[in-house]
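See below for the structure under consideration.
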Amino acid sequence: MEEIYKKLETIRDVWNYNIWDYPYCQSEIKFDEEAKTNYFGDLISYFHDTLDIIKSPVTINSRSDVFSYHISLLQTLYVQQDFIEELLRLFSTVYNKGDLKKDDNYIINRSIRNELVGHPIRRDRVGKLVSSTMFSYESLQGKIEYLKYHQENNFQFEEVKHKVEDILNRHITFLNTWLDIVIEKLKLVVNKHKAELLKIQDIVFTLKFESLICLLDQKYKPFLENTYLYVKESLS
């Protein structure tokens, strides 16, 4: 889990110190009007907080505590899956929800959540019952157990069991896999930006002073905003 925390911090740092300040980096991702609101900061904070929910030990004193824990766990994983989808979109990776659905670590956990928490009673478009599920009283903290009735088995009783450990292991693998993909895209953005700044370094002594100020204002704006001494108008 600590590895996931570090990856989120890496993504946050690139956003704060590269993307947020530099138009060039912004041009390499989907930095639209929504991104300019910096909703990303809230997303990462929420992501971090929900990781704490998964990580924190839970005190179980009753059957209702077991049900509450399982519901909050499954819903938390669902929310984090959506966060990953948003990161893939925001940072303009080549992946989308269709690719996530090809990942068993995503689809198995999402199906459990949808079946047990999202749509415990499911009907088709004409209102015909498709399936129903309910928690089993045999559920334990480390085991999710529920009763399922589904049209595919002619609504015969079916008992479904999942180990919480297996669910968490799948989810951690899922997070590590897709956060790595996001970070690889950000490495590409940062390296391309570094190359742009090196180009400025190569020509800095060949430009007229006024031209250099304009170039820095376009490519390296934080340099000019670092102190009042470097305000564009004052330098000019």
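Ordering of the structure tokens sets the chain letters (A, B, ...); residue numbers start at 1 within each chain; ligands are numbered from 1 in the order shown.
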Using only C-alpha atoms, find each residue in region 110-193 of chain A having at least one atom no more than 10 Å away from region 5-16 of chain A; report its shortest atom-to-atom pair and that distance in Å (one decimal), rows by chain then rising number, as CSV.
residue,atom,partner,partner_atom,distance
A:Leu175,CA,A:Lys7,CA,9.7
A:Asn176,CA,A:Lys7,CA,8.3
A:Leu179,CA,A:Lys7,CA,6.8
A:Asp180,CA,A:Lys7,CA,7.8
A:Val182,CA,A:Ile11,CA,8.0
A:Ile183,CA,A:Ile11,CA,6.7
A:Leu186,CA,A:Val14,CA,7.3
A:Lys187,CA,A:Val14,CA,8.9
A:Val189,CA,A:Val14,CA,9.4
A:Val190,CA,A:Val14,CA,7.9
>> Show me, as a VMD selection string, the residues that have an atom within 12 Å of Phe47 (chain A) when counting only C-alpha atoms, minus same-chain residues fewer than 3 positions from it.
In response: chain A and resid 4 to 5 7 to 9 11 to 12 40 to 44 50 to 54 76 to 84 86 to 87 175
Keeping N, CA, C and O atoms for every residue in the selection just given, could you write it to a file as a CSV table (one decimal), in the first residue's frame?
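Output contents, as saved in again-v3.csv:
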chain,number,residue,atom,x,y,z
A,4,ILE,N,1.6,2.6,-3.4
A,4,ILE,CA,0.6,3.4,-4.0
A,4,ILE,C,0.5,4.8,-3.5
A,4,ILE,O,0.4,5.8,-4.3
A,5,TYR,N,0.7,5.0,-2.2
A,5,TYR,CA,0.8,6.4,-1.7
A,5,TYR,C,1.9,7.2,-2.4
A,5,TYR,O,1.7,8.3,-2.8
A,7,LYS,N,3.2,6.7,-5.3
A,7,LYS,CA,2.9,7.0,-6.7
A,7,LYS,C,1.9,8.1,-6.9
A,7,LYS,O,2.0,9.0,-7.8
A,8,LEU,N,0.9,8.2,-5.9
A,8,LEU,CA,0.0,9.3,-5.9
A,8,LEU,C,0.8,10.6,-5.7
A,8,LEU,O,0.4,11.7,-6.2
A,9,GLU,N,1.7,10.6,-4.8
A,9,GLU,CA,2.5,11.8,-4.5
A,9,GLU,C,3.3,12.2,-5.7
A,9,GLU,O,3.5,13.4,-6.0
A,11,ILE,N,2.5,11.7,-8.8
A,11,ILE,CA,1.6,12.3,-9.8
A,11,ILE,C,1.2,13.7,-9.3
A,11,ILE,O,1.1,14.7,-10.1
A,12,ARG,N,1.0,13.9,-8.0
A,12,ARG,CA,0.6,15.2,-7.5
A,12,ARG,C,1.8,16.2,-7.7
A,12,ARG,O,1.6,17.4,-8.1
A,40,PHE,N,-8.4,18.4,-10.0
A,40,PHE,CA,-7.4,17.3,-9.8
A,40,PHE,C,-6.9,17.3,-8.3
A,40,PHE,O,-6.7,16.2,-7.8
A,41,GLY,N,-6.7,18.4,-7.7
A,41,GLY,CA,-6.2,18.5,-6.3
A,41,GLY,C,-7.2,17.8,-5.4
A,41,GLY,O,-6.8,17.0,-4.5
A,42,ASP,N,-8.5,18.0,-5.6
A,42,ASP,CA,-9.5,17.4,-4.8
A,42,ASP,C,-9.6,15.9,-5.1
A,42,ASP,O,-9.7,15.0,-4.1
A,43,LEU,N,-9.4,15.5,-6.3
A,43,LEU,CA,-9.4,14.1,-6.7
A,43,LEU,C,-8.3,13.3,-6.0
A,43,LEU,O,-8.5,12.2,-5.4
A,44,ILE,N,-7.1,13.9,-6.0
A,44,ILE,CA,-6.0,13.2,-5.4
A,44,ILE,C,-6.1,13.1,-3.9
A,44,ILE,O,-5.8,12.1,-3.3
A,50,THR,N,-9.4,7.8,0.7
A,50,THR,CA,-10.0,6.5,0.6
A,50,THR,C,-9.0,5.3,0.7
A,50,THR,O,-9.4,4.2,1.1
A,51,LEU,N,-7.8,5.6,0.4
A,51,LEU,CA,-6.8,4.6,0.6
A,51,LEU,C,-6.6,4.3,2.1
A,51,LEU,O,-6.4,3.2,2.6
A,52,ASP,N,-6.7,5.4,2.9
A,52,ASP,CA,-6.7,5.2,4.4
A,52,ASP,C,-7.8,4.4,4.9
A,52,ASP,O,-7.7,3.6,5.8
A,53,ILE,N,-9.0,4.4,4.2
A,53,ILE,CA,-10.1,3.6,4.6
A,53,ILE,C,-9.8,2.1,4.5
A,53,ILE,O,-10.1,1.3,5.3
A,54,ILE,N,-9.2,1.8,3.3
A,54,ILE,CA,-8.8,0.4,3.1
A,54,ILE,C,-7.8,-0.1,4.0
A,54,ILE,O,-7.8,-1.2,4.5
A,76,THR,N,-15.6,1.8,-1.9
A,76,THR,CA,-14.3,2.5,-2.0
A,76,THR,C,-13.5,2.0,-3.2
A,76,THR,O,-13.0,2.8,-3.9
A,77,LEU,N,-13.5,0.7,-3.4
A,77,LEU,CA,-12.8,0.2,-4.5
A,77,LEU,C,-13.4,0.7,-5.8
A,77,LEU,O,-12.7,1.0,-6.8
A,78,TYR,N,-14.7,0.8,-5.9
A,78,TYR,CA,-15.4,1.3,-7.0
A,78,TYR,C,-15.1,2.7,-7.3
A,78,TYR,O,-14.8,3.1,-8.5
A,79,VAL,N,-15.0,3.5,-6.3
A,79,VAL,CA,-14.7,5.0,-6.4
A,79,VAL,C,-13.3,5.1,-6.9
A,79,VAL,O,-13.0,5.9,-7.8
A,80,GLN,N,-12.3,4.3,-6.4
A,80,GLN,CA,-11.0,4.4,-6.8
A,80,GLN,C,-10.8,3.9,-8.3
A,80,GLN,O,-9.9,4.5,-9.0
A,81,GLN,N,-11.6,3.0,-8.7
A,81,GLN,CA,-11.5,2.6,-10.1
A,81,GLN,C,-11.9,3.7,-11.0
A,81,GLN,O,-11.3,4.0,-12.1
A,82,ASP,N,-13.0,4.5,-10.6
A,82,ASP,CA,-13.4,5.6,-11.3
A,82,ASP,C,-12.3,6.7,-11.4
A,82,ASP,O,-12.1,7.4,-12.3
A,83,PHE,N,-11.6,6.9,-10.2
A,83,PHE,CA,-10.5,7.8,-10.2
A,83,PHE,C,-9.4,7.5,-11.2
A,83,PHE,O,-8.9,8.3,-11.9
A,84,ILE,N,-9.1,6.2,-11.3
A,84,ILE,CA,-8.1,5.7,-12.3
A,84,ILE,C,-8.5,6.1,-13.7
A,84,ILE,O,-7.8,6.6,-14.5
A,86,GLU,N,-10.4,8.5,-14.6
A,86,GLU,CA,-10.3,9.9,-14.8
A,86,GLU,C,-8.9,10.3,-15.0
A,86,GLU,O,-8.6,11.2,-15.8
A,87,LEU,N,-7.9,9.7,-14.3
A,87,LEU,CA,-6.5,10.0,-14.5
A,87,LEU,C,-6.0,9.7,-15.9
A,87,LEU,O,-5.3,10.4,-16.5
A,175,LEU,N,-4.4,-1.0,-9.1
A,175,LEU,CA,-3.9,0.3,-8.9
A,175,LEU,C,-2.5,0.5,-9.3
A,175,LEU,O,-2.1,1.4,-10.0
>> I'd like the neighbourhood of Arg110 (chain A) as an MDAnalysis selection string, where a residue qualifies if any of its atoms comes within 12 Å (using only C-alpha atoms), though same-chain residues fewer than 5 positions away should be ignored.
In response: chainID A and resid 73:82 100:101 103:105 115:119 167 170:171 174
Could you name the residues that touch region 27-32 of chain A at 10 Å or less, counting only C-alpha atoms, but leaving out those on the same chain fewer than 3 positions away, as a PDB file with C-alpha atoms, in the first residue's frame?
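Written output follows (around-v1.pdb):
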ATOM      1  CA  ILE A  19       1.810  20.940 -15.413  1.00  0.00           C
ATOM      2  CA  TRP A  20       0.114  23.660 -13.378  1.00  0.00           C
ATOM      3  CA  TYR A  22       3.876  25.416 -17.727  1.00  0.00           C
ATOM      4  CA  PRO A  23       1.703  25.829 -20.829  1.00  0.00           C
ATOM      5  CA  TYR A  24       3.931  23.379 -22.708  1.00  0.00           C
ATOM      6  CA  ALA A  35      -8.677  21.049 -15.385  1.00  0.00           C
ATOM      7  CA  LYS A  36      -8.139  24.775 -14.860  1.00  0.00           C
ATOM      8  CA  THR A  37     -10.442  24.591 -11.826  1.00  0.00           C
ATOM      9  CA  ASN A  38      -7.773  22.358 -10.254  1.00  0.00           C
ATOM     10  CA  LEU A  88      -6.184   8.121 -17.754  1.00  0.00           C
ATOM     11  CA  ARG A  89      -8.445  10.708 -19.412  1.00  0.00           C
ATOM     12  CA  LEU A  90      -6.912  13.804 -17.813  1.00  0.00           C
ATOM     13  CA  PHE A  91      -3.350  12.889 -18.711  1.00  0.00           C
ATOM     14  CA  SER A  92      -4.277  11.923 -22.266  1.00  0.00           C
ATOM     15  CA  THR A  93      -3.054   8.341 -22.111  1.00  0.00           C
ATOM     16  CA  LYS A 185       2.977   9.263 -19.503  1.00  0.00           C
ATOM     17  CA  LEU A 186       4.024  11.977 -17.049  1.00  0.00           C
ATOM     18  CA  LEU A 188       7.278  11.558 -21.165  1.00  0.00           C
ATOM     19  CA  VAL A 189       5.697  14.984 -20.571  1.00  0.00           C
ATOM     20  CA  VAL A 190       8.432  16.064 -18.148  1.00  0.00           C
ATOM     21  CA  LYS A 192       9.815  16.645 -23.421  1.00  0.00           C
ATOM     22  CA  HIS A 193       9.494  19.804 -21.374  1.00  0.00           C
TER      23      HIS A 193
END
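With distances restricted to only C-alpha atoms, A:Ile112 is the closest residue to Tyr146 (chain A) from A:Val130, A:Leu168, A:Ala195, A:Ile112.
Minimum atom-to-atom distances from A:Gln201, A:Asn109, A:Ser132, A:Ser139 to Gln151 (chain A) were compared using only C-alpha atoms, and the lowest value belongs to A:Ser132.
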>> Need the shell around region 231-233 of chain A: protein/DNA/RNA residues with any atom at most 9 Å away, counting only C-alpha atoms. Skip same-chain ones fewer than 6 positions apart. Format as a count of residues only?
In response: 5
>> From the options A:Asp124, A:Leu235, A:Glu158, A:Leu229, which residue's atoms come nearest to Ser211 (chain A), counting only C-alpha atoms?
In response: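 Counting only C-alpha atoms, the residue closest to Ser211 (chain A) is A:Leu235.
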> Which of these, A:Phe223, A:Tyr137, A:Tyr39, A:Phe205, has the shortest distance to Ser62 (chain A) once you count only C-alpha atoms?
Replying inline: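 Residue with the minimum atom-to-atom distance to Ser62 (chain A): A:Tyr137.
Assigned to strand (DSSP E or B) in region 62-235 of chain A, given DSSP computed from backbone atoms, are Ile121, Arg122, Arg123, Leu129, Val130, Ser131, Ser132, Thr133, Met134, Phe135, Leu140, Lys143, Ile144, Glu145, Tyr146, Leu147, Lys148, Tyr149, His150, Glu158, Glu159, Val160, Lys161, His162 and Lys163 of chain A.
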> How many Å lie between CA of Lys128 (chain A) and CA of Leu147 (chain A), rounded to one decimal?
Replying inline: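 Computed distance, CA of Lys128 (chain A) to CA of Leu147 (chain A), equals 19.5 Å.
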